[in-house]
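Trainee: There's a structure below that I have some questions on.
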Amino acid sequence: MQSVAEDDLLQVLRYGPFNVALHAAIQARGLSLESLRRRLEAQGVAVSLSTLSYWQRGRTRPERAGSLRAVRGLEVILELPRHSLLTLLKPNAERPPGPWPPIEELCPEPGVRDLLDEIGDDGERLLTGLSLHDQHVIGRRRELREIRTRAVFQAQRRGVDRWIAVYHNPHGALPASRTARGCRFGRVRMDASSGLIAAELLFDRALGRGETYLLEYGFGFGESGPPATEEGRGFRTPQHEYLIEVSFHPAALPARCYRTWRPDGHTALQDAADLRLSSYHNVHFIEFGMPAGYHGIRWEWS
C-alpha cells in the first residue's frame, strides 16, 4: 500500500472531501479495512467491511447516529485530530469551500502581515482549535477594560510549541497590560498607528502529535480603554467550539445586542441573530464547527 506523507494528510483533512480524507488516513496508517472493523468492534461499534469501503470510495456517507459514532472511533484509531473527519461531513453551506483564507482577508489592516512575518506564524496551521472562549469586559464609561481568552489546542504534528495571538482595535488602542497562564509571552509586535498587536504564546514544551494543550492569556486596557460597541474574532483555521461573552458594568447596560458575522474583512458586518442580555449583565453565544470568517457580538447603547 502506498504511504501518504503527513503533510499531505493534514492538507486533505483540512479541505476534504470526506471520502478522500478517510482514504488518505487509512493509507497513511497502513491499516486494512478488516483491522479497522475489528478495532471499532472492540469499541462496541459495529460497522461492516462493505460500509467502510463505500465510505472511503465516496459511494455513501455516514449520516445516522451510529455511523457518526463510528467516524469518531475512526479518528481515534487513525490518530487524527479530534473532529477532523466529522467536520468534513457538514453540509457544504456550513463549511468553507477550498483553502481557509489568509489573515489579510479577515483583517485588512496593512500592517498585520508585517507583524506576523516578524514573528513567524507557521505553528498555527499545525494546531486544531478544540475550544476557545473569549470574554470582553466593558466598564462603566462604556469602555473596553479587558479581554480574556481560554483556549485548548490539539497538535497535528509533533514539535508544535507556540501559538500566535492577534488583536486589532478599530480605535487604534493598544493594551496597557497583558497576562498569561499555562504559557508565556515570547515575541510581541505592535503597530500603534492601526491598533494591531501580534503576540507569540510559548507552551511549556513541544507537543506530541495528537496531544492537547490548555492556555489562557489576556490584554488589559484599564480605565483609559477605548469605546466599544462590537467585539469578536476572525478564524482562518478550523475551530471546533467558540464561545464569546461580553460582560457589562451595571452602570452601562446596552439597549440591544446582536450576534454578528462576515466572511472576510472587506464585507460589511451582518447581524445574524438577536441576543438577550442576562440578569448578570452579560451576553454570549456559542458555535460549533463554524465556517471561516469573523464572528462576534455588537451592541447598541440606545
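We label chains A, B, ... in the order they appear in the C-alpha cells, count residues from 1 in each chain, and number ligands from 1 in the order shown.
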Within 10 Å of Arg205 (chain A), counting only C-alpha atoms, which residues show up once you throw out same-chain ones fewer than 6 positions away? Write them as number ranges by chain, please.

Mentor: A: 159-162, 183, 213

Trainee: Going by DSSP on the backbone, which residues of region 71-277 of chain A come out as strand (DSSP E or B)? List them as a short mmCIF file (atom, residue, chain, number, x, y, z; two decimals) with N, CA, C and O atoms, in the first residue's frame.

Mentor:
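The resulting file, states_27.cif, is reproduced below:
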data_model
loop_
_atom_site.label_atom_id
_atom_site.label_comp_id
_atom_site.auth_asym_id
_atom_site.auth_seq_id
_atom_site.Cartn_x
_atom_site.Cartn_y
_atom_site.Cartn_z
N LEU A 127 -1.99 23.39 14.41
CA LEU A 127 -2.84 23.20 15.58
C LEU A 127 -4.30 23.19 15.17
O LEU A 127 -4.71 23.97 14.31
N THR A 128 -5.07 22.32 15.78
CA THR A 128 -6.52 22.34 15.62
C THR A 128 -7.13 22.94 16.88
O THR A 128 -6.81 22.52 17.99
N GLY A 129 -7.98 23.94 16.70
CA GLY A 129 -8.64 24.56 17.84
C GLY A 129 -9.80 23.70 18.31
O GLY A 129 -10.76 23.48 17.57
N LEU A 130 -9.73 23.20 19.53
CA LEU A 130 -10.82 22.39 20.09
C LEU A 130 -11.82 23.26 20.82
O LEU A 130 -13.03 23.06 20.71
N SER A 131 -11.34 24.23 21.58
CA SER A 131 -12.22 25.09 22.35
C SER A 131 -11.56 26.43 22.54
O SER A 131 -10.37 26.50 22.86
N LEU A 132 -12.33 27.50 22.33
CA LEU A 132 -11.81 28.85 22.53
C LEU A 132 -12.90 29.71 23.14
O LEU A 132 -14.01 29.77 22.61
N HIS A 133 -12.58 30.37 24.27
CA HIS A 133 -13.54 31.20 24.99
C HIS A 133 -12.96 32.60 25.13
O HIS A 133 -11.92 32.80 25.75
N ASP A 134 -13.63 33.58 24.54
CA ASP A 134 -13.26 34.99 24.66
C ASP A 134 -14.23 35.70 25.59
O ASP A 134 -15.45 35.58 25.42
N GLN A 135 -13.71 36.42 26.55
CA GLN A 135 -14.54 37.26 27.42
C GLN A 135 -14.07 38.71 27.31
O GLN A 135 -12.90 39.02 27.53
N HIS A 136 -15.00 39.60 26.97
CA HIS A 136 -14.71 41.02 26.84
C HIS A 136 -15.43 41.75 27.98
O HIS A 136 -16.64 41.57 28.18
N VAL A 137 -14.70 42.58 28.70
CA VAL A 137 -15.25 43.28 29.86
C VAL A 137 -15.40 44.76 29.52
O VAL A 137 -14.43 45.43 29.14
N ILE A 138 -16.64 45.28 29.68
CA ILE A 138 -16.95 46.67 29.37
C ILE A 138 -17.16 47.43 30.68
O ILE A 138 -17.89 46.98 31.56
N GLU A 143 -16.34 51.73 28.10
CA GLU A 143 -15.02 51.50 27.52
C GLU A 143 -14.63 50.02 27.64
O GLU A 143 -15.11 49.31 28.54
N LEU A 144 -13.79 49.56 26.74
CA LEU A 144 -13.25 48.20 26.81
C LEU A 144 -12.18 48.16 27.89
O LEU A 144 -11.17 48.86 27.81
N ARG A 145 -12.40 47.33 28.92
CA ARG A 145 -11.46 47.25 30.03
C ARG A 145 -10.49 46.08 29.88
O ARG A 145 -9.31 46.21 30.23
N GLU A 146 -10.99 44.95 29.40
CA GLU A 146 -10.15 43.75 29.40
C GLU A 146 -10.67 42.73 28.40
O GLU A 146 -11.87 42.65 28.13
N ILE A 147 -9.75 41.94 27.86
CA ILE A 147 -10.07 40.79 27.01
C ILE A 147 -9.37 39.58 27.61
O ILE A 147 -8.15 39.60 27.83
N ARG A 148 -10.13 38.53 27.90
CA ARG A 148 -9.56 37.30 28.45
C ARG A 148 -9.86 36.15 27.51
O ARG A 148 -10.99 36.02 27.03
N THR A 149 -8.89 35.31 27.27
CA THR A 149 -9.06 34.18 26.35
C THR A 149 -8.57 32.89 27.01
O THR A 149 -7.50 32.87 27.62
N ARG A 150 -9.37 31.84 26.85
CA ARG A 150 -9.01 30.50 27.32
C ARG A 150 -9.13 29.57 26.12
O ARG A 150 -10.19 29.52 25.47
N ALA A 151 -8.07 28.84 25.79
CA ALA A 151 -8.05 28.05 24.56
C ALA A 151 -7.47 26.66 24.81
O ALA A 151 -6.58 26.47 25.65
N VAL A 152 -8.01 25.69 24.07
CA VAL A 152 -7.49 24.32 24.07
C VAL A 152 -7.17 23.95 22.63
O VAL A 152 -8.03 24.06 21.74
N PHE A 153 -5.94 23.53 22.38
CA PHE A 153 -5.50 23.16 21.04
C PHE A 153 -5.08 21.69 21.01
O PHE A 153 -4.76 21.10 22.04
N GLN A 154 -5.07 21.14 19.80
CA GLN A 154 -4.52 19.80 19.59
C GLN A 154 -3.48 19.87 18.48
O GLN A 154 -3.72 20.45 17.42
N ALA A 155 -2.31 19.30 18.75
CA ALA A 155 -1.23 19.34 17.78
C ALA A 155 -1.49 18.37 16.64
O ALA A 155 -1.79 17.20 16.87
N ARG A 162 4.04 26.61 20.12
CA ARG A 162 3.62 28.00 20.28
C ARG A 162 2.36 28.28 19.47
O ARG A 162 1.98 27.52 18.58
N TRP A 163 1.73 29.39 19.81
CA TRP A 163 0.57 29.89 19.06
C TRP A 163 0.68 31.40 18.99
O TRP A 163 1.22 32.04 19.91
N ILE A 164 0.19 32.01 17.91
CA ILE A 164 0.26 33.44 17.72
C ILE A 164 -1.12 34.05 17.91
O ILE A 164 -2.07 33.68 17.22
N ALA A 165 -1.24 34.95 18.88
CA ALA A 165 -2.49 35.67 19.12
C ALA A 165 -2.42 37.03 18.44
O ALA A 165 -1.41 37.73 18.54
N VAL A 166 -3.50 37.39 17.72
CA VAL A 166 -3.57 38.66 17.02
C VAL A 166 -4.81 39.41 17.48
O VAL A 166 -5.90 38.83 17.56
N TYR A 167 -4.65 40.69 17.81
CA TYR A 167 -5.80 41.52 18.19
C TYR A 167 -5.70 42.85 17.47
O TYR A 167 -4.62 43.44 17.36
N HIS A 168 -6.87 43.32 16.98
CA HIS A 168 -6.95 44.62 16.32
C HIS A 168 -8.05 45.44 16.95
O HIS A 168 -9.19 44.97 17.07
N SER A 177 -1.58 46.32 29.48
CA SER A 177 -1.03 45.20 30.24
C SER A 177 -1.42 43.89 29.56
O SER A 177 -2.32 43.84 28.72
N ARG A 178 -0.74 42.83 29.94
CA ARG A 178 -1.06 41.50 29.41
C ARG A 178 -0.76 40.45 30.47
O ARG A 178 0.13 40.61 31.29
N THR A 179 -1.53 39.36 30.43
CA THR A 179 -1.37 38.27 31.39
C THR A 179 -1.34 36.95 30.64
O THR A 179 -1.86 36.83 29.52
N ALA A 180 -0.76 35.94 31.27
CA ALA A 180 -0.69 34.61 30.66
C ALA A 180 -0.71 33.55 31.74
O ALA A 180 -0.16 33.74 32.83
N ARG A 181 -1.35 32.44 31.44
CA ARG A 181 -1.40 31.29 32.35
C ARG A 181 -1.30 30.02 31.50
O ARG A 181 -2.03 29.88 30.51
N ARG A 184 3.70 31.46 28.21
CA ARG A 184 4.36 32.74 28.47
C ARG A 184 4.50 33.50 27.15
O ARG A 184 4.53 32.91 26.07
N PHE A 185 4.56 34.81 27.28
CA PHE A 185 4.71 35.63 26.09
C PHE A 185 6.15 35.56 25.58
O PHE A 185 7.10 35.67 26.35
N GLY A 186 6.26 35.36 24.27
CA GLY A 186 7.55 35.42 23.61
C GLY A 186 7.68 36.77 22.92
O GLY A 186 7.56 37.82 23.53
N ARG A 187 7.87 36.73 21.61
CA ARG A 187 7.97 37.98 20.85
C ARG A 187 6.59 38.63 20.73
O ARG A 187 5.61 37.96 20.43
N VAL A 188 6.54 39.92 20.96
CA VAL A 188 5.32 40.70 20.84
C VAL A 188 5.60 41.87 19.91
O VAL A 188 6.56 42.61 20.11
N ARG A 189 4.76 42.01 18.89
CA ARG A 189 4.93 43.11 17.93
C ARG A 189 3.65 43.92 17.90
O ARG A 189 2.54 43.37 17.88
N MET A 190 3.80 45.27 17.89
CA MET A 190 2.64 46.16 17.89
C MET A 190 2.77 47.22 16.82
O MET A 190 3.88 47.64 16.47
N ASP A 191 1.64 47.65 16.29
CA ASP A 191 1.57 48.74 15.32
C ASP A 191 0.64 49.79 15.92
O ASP A 191 -0.59 49.66 15.86
N LEU A 196 -2.86 47.36 16.18
CA LEU A 196 -2.61 45.93 15.96
C LEU A 196 -1.57 45.42 16.95
O LEU A 196 -0.58 46.09 17.24
N ILE A 197 -1.81 44.22 17.46
CA ILE A 197 -0.83 43.54 18.29
C ILE A 197 -0.79 42.07 17.90
O ILE A 197 -1.83 41.44 17.69
N ALA A 198 0.41 41.53 17.74
CA ALA A 198 0.62 40.11 17.49
C ALA A 198 1.55 39.59 18.58
O ALA A 198 2.63 40.16 18.79
N ALA A 199 1.12 38.57 19.29
CA ALA A 199 1.88 38.07 20.44
C ALA A 199 2.13 36.58 20.30
O ALA A 199 1.20 35.80 20.04
N GLU A 200 3.35 36.18 20.51
CA GLU A 200 3.75 34.78 20.48
C GLU A 200 3.54 34.19 21.87
O GLU A 200 4.09 34.68 22.85
N LEU A 201 2.72 33.14 21.96
CA LEU A 201 2.45 32.46 23.23
C LEU A 201 3.20 31.13 23.22
O LEU A 201 2.91 30.24 22.41
N LEU A 202 4.16 30.99 24.09
CA LEU A 202 5.04 29.83 24.13
C LEU A 202 4.52 28.78 25.11
O LEU A 202 4.24 29.09 26.26
N THR A 212 -3.05 17.48 23.44
CA THR A 212 -3.80 18.72 23.64
C THR A 212 -3.06 19.64 24.60
O THR A 212 -2.22 19.19 25.40
N TYR A 213 -3.39 20.94 24.49
CA TYR A 213 -2.73 21.93 25.33
C TYR A 213 -3.72 23.02 25.71
O TYR A 213 -4.47 23.51 24.86
N LEU A 214 -3.73 23.40 26.99
CA LEU A 214 -4.61 24.43 27.54
C LEU A 214 -3.79 25.65 27.91
O LEU A 214 -2.75 25.54 28.56
N LEU A 215 -4.26 26.83 27.49
CA LEU A 215 -3.59 28.07 27.87
C LEU A 215 -4.62 29.17 28.06
O LEU A 215 -5.75 29.09 27.58
N GLU A 216 -4.21 30.22 28.78
CA GLU A 216 -5.03 31.40 28.98
C GLU A 216 -4.15 32.63 28.80
O GLU A 216 -2.98 32.62 29.18
N TYR A 217 -4.72 33.68 28.22
CA TYR A 217 -3.99 34.94 28.12
C TYR A 217 -4.99 36.08 28.11
O TYR A 217 -6.19 35.87 27.91
N GLY A 218 -4.49 37.29 28.35
CA GLY A 218 -5.39 38.43 28.39
C GLY A 218 -4.67 39.73 28.07
O GLY A 218 -3.45 39.85 28.24
N PHE A 219 -5.45 40.70 27.60
CA PHE A 219 -4.97 42.05 27.35
C PHE A 219 -5.82 43.01 28.18
O PHE A 219 -7.05 42.93 28.17
N GLY A 220 -5.17 43.92 28.89
CA GLY A 220 -5.88 44.88 29.71
C GLY A 220 -5.73 46.30 29.20
O GLY A 220 -4.66 46.69 28.72
N PRO A 227 -13.61 53.28 23.50
CA PRO A 227 -15.04 52.99 23.46
C PRO A 227 -15.28 51.69 22.70
O PRO A 227 -14.51 51.32 21.80
N GLU A 230 -18.61 46.75 19.67
CA GLU A 230 -18.57 45.47 18.96
C GLU A 230 -17.23 44.80 19.24
O GLU A 230 -16.20 45.46 19.28
N GLU A 231 -17.26 43.47 19.45
CA GLU A 231 -16.04 42.70 19.64
C GLU A 231 -16.25 41.32 19.01
O GLU A 231 -17.38 40.84 18.88
N GLY A 232 -15.14 40.68 18.62
CA GLY A 232 -15.24 39.36 18.01
C GLY A 232 -13.88 38.83 17.63
O GLY A 232 -12.85 39.35 18.04
N ARG A 233 -13.89 37.81 16.81
CA ARG A 233 -12.64 37.16 16.40
C ARG A 233 -12.78 36.59 14.99
O ARG A 233 -13.83 36.05 14.63
N GLY A 234 -11.71 36.70 14.22
CA GLY A 234 -11.67 36.10 12.90
C GLY A 234 -10.99 34.74 12.95
O GLY A 234 -10.01 34.55 13.67
N PHE A 235 -11.52 33.77 12.20
CA PHE A 235 -10.97 32.42 12.16
C PHE A 235 -10.49 32.09 10.75
O PHE A 235 -11.24 32.22 9.80
N GLN A 239 -11.88 25.42 13.85
CA GLN A 239 -12.16 25.62 15.27
C GLN A 239 -13.42 24.84 15.62
O GLN A 239 -14.48 25.09 15.06
N GLU A 241 -15.05 24.57 18.69
CA GLU A 241 -16.00 25.26 19.58
C GLU A 241 -15.53 26.67 19.85
O GLU A 241 -14.36 26.88 20.18
N TYR A 242 -16.43 27.63 19.70
CA TYR A 242 -16.11 29.02 20.03
C TYR A 242 -17.21 29.61 20.89
O TYR A 242 -18.38 29.59 20.52
N LEU A 243 -16.80 30.14 22.06
CA LEU A 243 -17.71 30.82 22.97
C LEU A 243 -17.22 32.24 23.15
O LEU A 243 -16.06 32.46 23.52
N ILE A 244 -18.08 33.21 22.88
CA ILE A 244 -17.75 34.61 23.09
C ILE A 244 -18.74 35.20 24.08
O ILE A 244 -19.95 34.96 23.96
N GLU A 245 -18.22 35.95 25.05
CA GLU A 245 -19.04 36.53 26.11
C GLU A 245 -18.64 38.00 26.28
O GLU A 245 -17.45 38.34 26.24
N VAL A 246 -19.63 38.86 26.46
CA VAL A 246 -19.38 40.27 26.76
C VAL A 246 -20.05 40.58 28.09
O VAL A 246 -21.26 40.35 28.26
N SER A 247 -19.25 41.07 29.04
CA SER A 247 -19.76 41.41 30.38
C SER A 247 -19.78 42.93 30.52
O SER A 247 -18.77 43.60 30.28
N PHE A 248 -20.94 43.47 30.94
CA PHE A 248 -21.13 44.91 31.04
C PHE A 248 -21.18 45.36 32.50
O PHE A 248 -21.70 44.65 33.37
N ARG A 256 -29.66 46.91 23.13
CA ARG A 256 -29.85 45.74 22.27
C ARG A 256 -28.50 45.11 21.97
O ARG A 256 -27.48 45.82 21.90
N CYS A 257 -28.51 43.78 21.76
CA CYS A 257 -27.29 43.05 21.42
C CYS A 257 -27.57 42.12 20.24
O CYS A 257 -28.67 41.58 20.11
N TYR A 258 -26.55 41.93 19.39
CA TYR A 258 -26.72 41.11 18.20
C TYR A 258 -25.49 40.22 18.01
O TYR A 258 -24.36 40.63 18.27
N ARG A 259 -25.75 39.04 17.53
CA ARG A 259 -24.66 38.19 17.04
C ARG A 259 -24.32 38.64 15.63
O ARG A 259 -25.21 38.89 14.82
N THR A 260 -23.01 38.76 15.32
CA THR A 260 -22.59 39.27 14.02
C THR A 260 -21.67 38.30 13.30
O THR A 260 -21.06 37.42 13.93
N TRP A 261 -21.58 38.48 12.01
CA TRP A 261 -20.71 37.62 11.18
C TRP A 261 -20.38 38.32 9.87
O TRP A 261 -21.20 39.11 9.35
N ARG A 262 -19.21 38.07 9.35
CA ARG A 262 -18.87 38.46 7.99
C ARG A 262 -17.83 37.47 7.47
O ARG A 262 -16.99 36.98 8.25
N GLN A 270 -22.68 41.67 9.29
CA GLN A 270 -24.09 41.29 9.20
C GLN A 270 -24.60 40.87 10.59
O GLN A 270 -23.89 40.18 11.33
N ASP A 271 -25.82 41.27 10.92
CA ASP A 271 -26.47 40.79 12.13
C ASP A 271 -27.11 39.44 11.85
O ASP A 271 -28.01 39.34 11.01
N ALA A 272 -26.63 38.41 12.55
CA ALA A 272 -27.15 37.06 12.31
C ALA A 272 -28.30 36.70 13.23
O ALA A 272 -29.15 35.88 12.88
N ALA A 273 -28.36 37.30 14.43
CA ALA A 273 -29.42 36.96 15.39
C ALA A 273 -29.42 37.98 16.53
O ALA A 273 -28.39 38.60 16.82
N ASP A 274 -30.58 38.14 17.16
CA ASP A 274 -30.67 38.95 18.37
C ASP A 274 -30.16 38.13 19.55
O ASP A 274 -30.38 36.92 19.62
N LEU A 275 -29.51 38.79 20.49
CA LEU A 275 -29.02 38.13 21.70
C LEU A 275 -29.64 38.80 22.92
O LEU A 275 -29.88 40.02 22.92
#

Trainee: Go through A:Glu211, A:Pro110, A:Gly139, A:Gly289 and flag the residue nearest Gly225 (chain A), using only C-alpha atoms for the distances.

Mentor: A:Gly139

Trainee: Using only C-alpha atoms, which protein or nucleic acid residues come within 6 Å of Gln156 (chain A)? Drop anything in the same chain fewer than 4 positions from it, and give the result as a count of residues only.

Mentor: 4

Trainee: Identify which of the residues A:Ala268, A:Val112, A:Leu277, A:Leu253 lies closest to Gly195 (chain A), counting only C-alpha atoms when measuring atom-to-atom distances.

Mentor: A:Val112

Trainee: Under the rule that only C-alpha atoms are counted, which of A:Leu74, A:Ala25, A:Cys107, A:Val12 is the nearest residue to Asp264 (chain A)?

Mentor: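 The answer is A:Cys107, which sits nearest to Asp264 (chain A).
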
Trainee: When you count only C-alpha atoms, which of these residues is closest to Arg72 (chain A): A:Ile119, A:His249, A:Arg236, A:Val45?

Mentor: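 Nearest to Arg72 (chain A): A:Val45.
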